[in-house]
Amino acid sequence: MKNLNDPDQPQALTPIVTEPGSAGAPVAEAPVLDPQPAPQVADGVPSRFCCFVTGTDTEIGKTLVSSAILHKLVEGGRRACGMKPVAAGAVLVDGELHNEDADMLRAAGNVHLPPNITTPFMLKEPAAPHIAAALEGVTIEAVPILAAYTEIHAASDAVVVEGVGGFRVPFNDDFDSADLAAQLNLPVILVVGLRLGCISHALLTVEAIVARGLVLAGWVANTADPDMRFTVDNIEALEQRIPAPLLGHVPRLENPTAAAAAQYIDLAGLPGWHAPRAQN
């Protein structure tokens with residue numbers, strides 16, 4: 001099947017890494033990270049693993065899959081950090097706002113930075129981000145997110161950025177999750193929630209990812225509806241149509257932890273996955 005990531009020729013799935021600026025330097029006016037070559041180890045394999053995890057919808061397992069990726073990175077000896085740039089639905093615990101998804105990512109990683117770095121926009125209302133932000137008089141913008149990502153990247157060997165809801169969730173009138181993914185310019189991992197209608201949702205999301213010039217590194221099937229019929233047939237149909245590898249099928253888990261989900265995901269073929277940690 002023709003790879004939609006490049007209509008002319010195959011494209012290497014190399015994550016784009018941006019080196020952080022010097023401490024105290026002002027944030028650039030243009031909120032786009034300039035692409036830089038990925039650091040290389042001796043055998044030519046990228047020495048860092050970074051990705052953007054998106055999904056076909058909300059409540060389809062993005063956080064579970066993102067946490068599973070972080071779990072595997074930590075098991076492999078990496079300094080790994082999860083980032084949830086925008087989280088809507090937070091509660092006050094001991095004077096600090098907590099979001100369930102952000103907390104799960106934090107627990108799965110082993111690089112623990114302040115919450116205002118790993119989640120620059122923590123919103124109380126469990127609603128679409130642009131609505132939750134408006135209720136709090138907040139404008140979700142790219143610059144604070146990109147600055148926070150740069151800081152996380154500087155402190156970590158690997159970064160997993162989890163999006164919000166589906167791929168095109170609005171943040172404000174002129175900025176949405178797809179715009180953020182394009183500005184971060186990381187390889188994308190798509191989580192497909194297996195339930196009725198998932199084929200169309202998945203293929204439309206793939207089109208949107210590719211249309212922004214992003215690399216679709218792979219996709220994970222996650223059982224959102226345990227009563228869904230013809231699960232295997234649906235996965236096969238998606239394998240035939242998605243121009244990226246299936247990285248795993250996570251079944252309905254009795255105890256949906258990062259460690260449990262990690263057993264069903266194989267990321268060995270992705271660039272930077274097996275690279276050793278850089279030595280000081």
# chains A, B, ... in the order shown; residues from 1 in each chain; ligands from 1

$ select_by_dssp --residues "stretch 89-131 of chain A" --states "strand (DSSP E)" --output "PyMOL selection string"
chain A and resi 91-93+96-98+121-123

$ write_last_selection --atoms "C-alpha atoms" --output "PDB file, in the first residue's frame"
ATOM      1  CA  VAL A  91      -9.925  18.644  41.394  1.00  0.00           C
ATOM      2  CA  LEU A  92      -8.225  20.359  44.302  1.00  0.00           C
ATOM      3  CA  VAL A  93      -6.280  17.951  46.546  1.00  0.00           C
ATOM      4  CA  GLU A  96      -3.081  21.537  44.410  1.00  0.00           C
ATOM      5  CA  LEU A  97      -5.058  20.784  41.256  1.00  0.00           C
ATOM      6  CA  HIS A  98      -4.909  17.170  40.113  1.00  0.00           C
ATOM      7  CA  PHE A 121      -2.965  24.294  31.275  1.00  0.00           C
ATOM      8  CA  MET A 122      -4.755  22.504  34.132  1.00  0.00           C
ATOM      9  CA  LEU A 123      -8.476  23.313  33.954  1.00  0.00           C
TER      10      LEU A 123
END

$ residues_around --residues "A:Gly82" --least-positions-apart "2" --cutoff "9 Å" --atoms "only C-alpha atoms" --output "list in words"
Ser66, Ser67, Leu70, Ala80, Lys84, Ala102, Leu105, Arg106, Ala108, Gly109, Val111, His112, Thr118, Ile152, Ala158, Val159, Val160, Val161 and Glu162 of chain A

$ write_last_selection --atoms "N, CA, C and O atoms" --output "mmCIF file, in the first residue's frame"
data_model
loop_
_atom_site.group_PDB
_atom_site.id
_atom_site.type_symbol
_atom_site.label_atom_id
_atom_site.label_comp_id
_atom_site.auth_asym_id
_atom_site.auth_seq_id
_atom_site.Cartn_x
_atom_site.Cartn_y
_atom_site.Cartn_z
ATOM 1 N N SER A 66 -0.335 5.811 26.544
ATOM 2 C CA SER A 66 0.790 6.713 26.816
ATOM 3 C C SER A 66 1.550 6.254 28.059
ATOM 4 O O SER A 66 2.796 6.254 28.081
ATOM 5 N N SER A 67 0.808 5.863 29.086
ATOM 6 C CA SER A 67 1.444 5.388 30.315
ATOM 7 C C SER A 67 2.181 4.073 30.081
ATOM 8 O O SER A 67 3.254 3.840 30.654
ATOM 9 N N LEU A 70 5.475 4.891 28.514
ATOM 10 C CA LEU A 70 6.393 5.390 29.540
ATOM 11 C C LEU A 70 6.916 4.246 30.411
ATOM 12 O O LEU A 70 8.107 4.202 30.755
ATOM 13 N N ALA A 80 12.360 8.977 31.504
ATOM 14 C CA ALA A 80 11.174 9.210 30.676
ATOM 15 C C ALA A 80 10.179 10.094 31.405
ATOM 16 O O ALA A 80 9.929 9.931 32.606
ATOM 17 N N LYS A 84 1.076 16.145 29.523
ATOM 18 C CA LYS A 84 -0.320 16.344 29.152
ATOM 19 C C LYS A 84 -0.496 17.862 29.067
ATOM 20 O O LYS A 84 -0.827 18.518 30.054
ATOM 21 N N ALA A 102 -3.202 13.245 33.954
ATOM 22 C CA ALA A 102 -1.871 13.794 34.219
ATOM 23 C C ALA A 102 -1.173 13.033 35.336
ATOM 24 O O ALA A 102 0.036 12.778 35.274
ATOM 25 N N LEU A 105 0.174 9.651 33.994
ATOM 26 C CA LEU A 105 1.412 9.835 33.229
ATOM 27 C C LEU A 105 2.584 10.076 34.168
ATOM 28 O O LEU A 105 3.680 9.535 33.976
ATOM 29 N N ARG A 106 2.356 10.891 35.176
ATOM 30 C CA ARG A 106 3.420 11.194 36.133
ATOM 31 C C ARG A 106 3.886 9.931 36.849
ATOM 32 O O ARG A 106 5.081 9.703 37.037
ATOM 33 N N ALA A 108 3.754 6.880 35.770
ATOM 34 C CA ALA A 108 4.394 5.933 34.855
ATOM 35 C C ALA A 108 5.814 6.340 34.497
ATOM 36 O O ALA A 108 6.650 5.486 34.185
ATOM 37 N N GLY A 109 6.111 7.634 34.506
ATOM 38 C CA GLY A 109 7.454 8.102 34.171
ATOM 39 C C GLY A 109 8.350 8.123 35.391
ATOM 40 O O GLY A 109 7.930 7.853 36.516
ATOM 41 N N VAL A 111 10.852 10.850 35.507
ATOM 42 C CA VAL A 111 11.348 12.224 35.578
ATOM 43 C C VAL A 111 10.178 13.067 36.059
ATOM 44 O O VAL A 111 9.167 13.191 35.368
ATOM 45 N N HIS A 112 10.300 13.612 37.257
ATOM 46 C CA HIS A 112 9.177 14.314 37.870
ATOM 47 C C HIS A 112 9.467 15.812 37.961
ATOM 48 O O HIS A 112 10.239 16.258 38.813
ATOM 49 N N THR A 118 4.676 19.966 33.229
ATOM 50 C CA THR A 118 4.151 18.803 32.515
ATOM 51 C C THR A 118 2.702 19.007 32.066
ATOM 52 O O THR A 118 2.263 18.365 31.106
ATOM 53 N N ILE A 152 11.120 19.965 29.426
ATOM 54 C CA ILE A 152 10.986 18.523 29.669
ATOM 55 C C ILE A 152 12.008 17.749 28.852
ATOM 56 O O ILE A 152 12.668 16.828 29.341
ATOM 57 N N ALA A 158 13.531 10.641 27.079
ATOM 58 C CA ALA A 158 12.359 10.317 26.269
ATOM 59 C C ALA A 158 11.163 11.114 26.766
ATOM 60 O O ALA A 158 11.003 11.315 27.978
ATOM 61 N N VAL A 159 10.332 11.566 25.822
ATOM 62 C CA VAL A 159 9.153 12.352 26.163
ATOM 63 C C VAL A 159 7.942 11.784 25.430
ATOM 64 O O VAL A 159 8.002 11.550 24.214
ATOM 65 N N VAL A 160 6.870 11.559 26.168
ATOM 66 C CA VAL A 160 5.604 11.124 25.584
ATOM 67 C C VAL A 160 4.585 12.231 25.832
ATOM 68 O O VAL A 160 4.252 12.524 26.981
ATOM 69 N N VAL A 161 4.124 12.862 24.754
ATOM 70 C CA VAL A 161 3.148 13.948 24.853
ATOM 71 C C VAL A 161 1.774 13.384 24.500
ATOM 72 O O VAL A 161 1.583 12.865 23.399
ATOM 73 N N GLU A 162 0.837 13.507 25.418
ATOM 74 C CA GLU A 162 -0.520 13.023 25.161
ATOM 75 C C GLU A 162 -1.438 14.188 24.802
ATOM 76 O O GLU A 162 -1.513 15.184 25.523
#

$ closest_atom_pairs --of "stretch 238-269 of chain A" --to "stretch 221-225 of chain A" --cutoff "9 Å" --atoms "only C-alpha atoms" --output "CSV"
residue,atom,partner,partner_atom,distance
A:Leu246,CA,A:Ala221,CA,7.7
A:Leu247,CA,A:Ala221,CA,8.0
A:Gly248,CA,A:Ala221,CA,6.3
A:His249,CA,A:Ala221,CA,4.6
A:Val250,CA,A:Asn222,CA,4.7
A:Pro251,CA,A:Thr223,CA,5.2
A:Arg252,CA,A:Thr223,CA,5.4
A:Leu253,CA,A:Thr223,CA,8.8

$ closest_residue --among "A:Tyr264, A:Trp273, A:Phe171, A:Phe230" --to "A:Ile131" --atoms "only C-alpha atoms"
A:Phe171

$ closest_residue --among "A:Ala128, A:Ala88, A:Ile69, A:Ile60" --to "A:Ala260" --atoms "only C-alpha atoms"
A:Ile69

$ closest_residue --among "A:Asn234, A:Thr150, A:Thr139, A:Ser156" --to "A:Gly197" --atoms "only C-alpha atoms"
A:Asn234

$ residues_around --residues "A:Arg78" --least-positions-apart "3" --cutoff "7 Å" --atoms "only C-alpha atoms" --output "ChimeraX atom specification"
/A:73-74,157-158,277

$ write_last_selection --atoms "all heavy atoms" --output "short mmCIF file (atom, residue, chain, number, x, y, z; two decimals), in the first residue's frame"
data_model
loop_
_atom_site.label_atom_id
_atom_site.label_comp_id
_atom_site.auth_asym_id
_atom_site.auth_seq_id
_atom_site.Cartn_x
_atom_site.Cartn_y
_atom_site.Cartn_z
N LEU A 73 9.61 2.45 28.59
CA LEU A 73 10.81 3.27 28.54
C LEU A 73 11.58 3.20 29.85
O LEU A 73 12.80 3.03 29.87
CB LEU A 73 10.44 4.73 28.23
CG LEU A 73 10.04 5.03 26.79
CD1 LEU A 73 9.28 6.35 26.71
CD2 LEU A 73 11.26 5.07 25.88
N VAL A 74 10.86 3.31 30.96
CA VAL A 74 11.50 3.25 32.28
C VAL A 74 12.12 1.87 32.50
O VAL A 74 13.25 1.75 33.00
CB VAL A 74 10.49 3.58 33.39
CG1 VAL A 74 11.09 3.30 34.77
CG2 VAL A 74 10.05 5.04 33.29
N ASP A 157 15.45 11.62 28.69
CA ASP A 157 15.90 10.88 27.52
C ASP A 157 14.75 10.63 26.55
O ASP A 157 14.97 10.40 25.37
CB ASP A 157 16.46 9.51 27.92
CG ASP A 157 17.66 9.60 28.84
OD1 ASP A 157 18.46 10.54 28.67
OD2 ASP A 157 17.80 8.74 29.73
N ALA A 158 13.53 10.64 27.08
CA ALA A 158 12.36 10.32 26.27
C ALA A 158 11.16 11.11 26.77
O ALA A 158 11.00 11.32 27.98
CB ALA A 158 12.06 8.83 26.34
N ARG A 277 20.97 5.08 26.62
CA ARG A 277 20.98 6.43 27.20
C ARG A 277 22.36 7.04 27.03
O ARG A 277 23.40 6.40 27.22
CB ARG A 277 20.62 6.34 28.68
CG ARG A 277 20.43 7.72 29.32
CD ARG A 277 19.80 7.60 30.69
NE ARG A 277 20.68 6.89 31.62
CZ ARG A 277 20.30 6.51 32.81
NH1 ARG A 277 19.06 6.70 33.21
NH2 ARG A 277 21.14 5.90 33.61
#

$ closest_residue --among "A:Ala182, A:Ile242, A:Val65, A:Leu146" --to "A:Arg212" --atoms "only C-alpha atoms"
A:Ala182

$ decode --residues "stretch 183-229 of chain A" --atoms "N, CA and C atoms" --output "compact mmCIF listing (two decimals), in the first residue's frame"
# COMPACT_ATOMS: atom_id res chain seq x y z
N GLN A 183 3.12 21.83 15.46
CA GLN A 183 4.19 22.69 15.96
C GLN A 183 5.24 21.89 16.74
N LEU A 184 4.81 20.89 17.48
CA LEU A 184 5.78 20.01 18.15
C LEU A 184 6.53 19.16 17.13
N ASN A 185 5.83 18.79 16.03
CA ASN A 185 6.45 18.06 14.91
C ASN A 185 7.10 16.75 15.35
N LEU A 186 6.38 16.01 16.19
CA LEU A 186 6.86 14.71 16.66
C LEU A 186 6.16 13.59 15.89
N PRO A 187 6.78 12.41 15.81
CA PRO A 187 6.07 11.25 15.26
C PRO A 187 4.80 11.00 16.08
N VAL A 188 3.73 10.65 15.39
CA VAL A 188 2.43 10.48 16.04
C VAL A 188 2.11 8.99 16.20
N ILE A 189 1.62 8.63 17.37
CA ILE A 189 1.06 7.31 17.61
C ILE A 189 -0.44 7.49 17.82
N LEU A 190 -1.23 6.79 17.02
CA LEU A 190 -2.68 6.92 17.06
C LEU A 190 -3.28 5.77 17.86
N VAL A 191 -4.12 6.11 18.83
CA VAL A 191 -4.86 5.11 19.59
C VAL A 191 -6.27 5.02 19.02
N VAL A 192 -6.63 3.84 18.56
CA VAL A 192 -7.95 3.61 17.98
C VAL A 192 -8.81 2.89 19.01
N GLY A 193 -9.85 3.54 19.44
CA GLY A 193 -10.77 2.92 20.37
C GLY A 193 -11.69 1.96 19.64
N LEU A 194 -11.57 0.68 19.93
CA LEU A 194 -12.36 -0.33 19.22
C LEU A 194 -13.81 -0.32 19.72
N ARG A 195 -14.65 0.27 18.91
CA ARG A 195 -16.09 0.27 19.14
C ARG A 195 -16.77 0.57 17.82
N LEU A 196 -18.07 0.42 17.77
CA LEU A 196 -18.79 0.63 16.52
C LEU A 196 -18.48 2.01 15.94
N GLY A 197 -18.09 2.06 14.66
CA GLY A 197 -17.75 3.32 14.01
C GLY A 197 -16.28 3.64 14.00
N CYS A 198 -15.46 2.78 14.61
CA CYS A 198 -14.04 3.11 14.77
C CYS A 198 -13.29 3.16 13.45
N ILE A 199 -13.72 2.43 12.44
CA ILE A 199 -12.98 2.41 11.17
C ILE A 199 -12.99 3.79 10.52
N SER A 200 -14.16 4.38 10.40
CA SER A 200 -14.25 5.71 9.80
C SER A 200 -13.52 6.74 10.64
N HIS A 201 -13.70 6.70 11.96
CA HIS A 201 -13.02 7.65 12.84
C HIS A 201 -11.51 7.55 12.68
N ALA A 202 -11.01 6.31 12.62
CA ALA A 202 -9.57 6.11 12.51
C ALA A 202 -9.03 6.63 11.19
N LEU A 203 -9.70 6.30 10.10
CA LEU A 203 -9.20 6.71 8.78
C LEU A 203 -9.28 8.21 8.57
N LEU A 204 -10.32 8.85 9.10
CA LEU A 204 -10.40 10.31 9.02
C LEU A 204 -9.28 10.97 9.84
N THR A 205 -8.99 10.38 10.99
CA THR A 205 -7.90 10.92 11.82
C THR A 205 -6.56 10.75 11.12
N VAL A 206 -6.34 9.60 10.50
CA VAL A 206 -5.10 9.37 9.75
C VAL A 206 -4.96 10.42 8.65
N GLU A 207 -6.03 10.70 7.92
CA GLU A 207 -5.99 11.71 6.86
C GLU A 207 -5.59 13.07 7.44
N ALA A 208 -6.15 13.42 8.59
CA ALA A 208 -5.85 14.72 9.20
C ALA A 208 -4.40 14.80 9.65
N ILE A 209 -3.86 13.70 10.18
CA ILE A 209 -2.46 13.67 10.61
C ILE A 209 -1.53 13.85 9.42
N VAL A 210 -1.77 13.08 8.38
CA VAL A 210 -0.92 13.12 7.19
C VAL A 210 -1.02 14.47 6.49
N ALA A 211 -2.21 15.06 6.47
CA ALA A 211 -2.42 16.35 5.80
C ALA A 211 -1.57 17.45 6.42
N ARG A 212 -1.17 17.27 7.67
CA ARG A 212 -0.34 18.28 8.33
C ARG A 212 1.15 17.98 8.21
N GLY A 213 1.48 17.01 7.38
CA GLY A 213 2.88 16.69 7.14
C GLY A 213 3.54 15.95 8.28
N LEU A 214 2.74 15.38 9.18
CA LEU A 214 3.30 14.65 10.31
C LEU A 214 3.55 13.19 9.95
N VAL A 215 4.50 12.58 10.64
CA VAL A 215 4.79 11.16 10.45
C VAL A 215 3.89 10.35 11.37
N LEU A 216 3.09 9.47 10.79
CA LEU A 216 2.31 8.53 11.57
C LEU A 216 3.20 7.32 11.83
N ALA A 217 3.73 7.23 13.04
CA ALA A 217 4.71 6.19 13.35
C ALA A 217 4.06 4.83 13.55
N GLY A 218 2.82 4.81 14.00
CA GLY A 218 2.13 3.56 14.24
C GLY A 218 0.81 3.80 14.93
N TRP A 219 0.06 2.72 15.15
CA TRP A 219 -1.23 2.85 15.83
C TRP A 219 -1.45 1.66 16.75
N VAL A 220 -2.23 1.92 17.79
CA VAL A 220 -2.55 0.90 18.79
C VAL A 220 -4.06 0.74 18.85
N ALA A 221 -4.53 -0.49 18.80
CA ALA A 221 -5.95 -0.78 18.96
C ALA A 221 -6.23 -1.02 20.44
N ASN A 222 -7.21 -0.31 20.98
CA ASN A 222 -7.57 -0.49 22.38
C ASN A 222 -9.06 -0.80 22.48
N THR A 223 -9.40 -1.85 23.19
CA THR A 223 -10.79 -2.29 23.29
C THR A 223 -11.59 -1.34 24.17
N ALA A 224 -12.31 -0.42 23.53
CA ALA A 224 -13.14 0.53 24.26
C ALA A 224 -14.48 -0.08 24.63
N ASP A 225 -15.01 -0.92 23.75
CA ASP A 225 -16.29 -1.59 23.99
C ASP A 225 -16.06 -3.09 24.03
N PRO A 226 -16.10 -3.70 25.24
CA PRO A 226 -15.81 -5.13 25.34
C PRO A 226 -16.85 -6.01 24.64
N ASP A 227 -18.02 -5.44 24.34
CA ASP A 227 -19.07 -6.20 23.67
C ASP A 227 -19.07 -6.00 22.15
N MET A 228 -18.07 -5.30 21.65
CA MET A 228 -18.00 -5.07 20.21
C MET A 228 -17.88 -6.40 19.45
N ARG A 229 -18.67 -6.55 18.40
CA ARG A 229 -18.61 -7.76 17.58
C ARG A 229 -17.59 -7.58 16.45
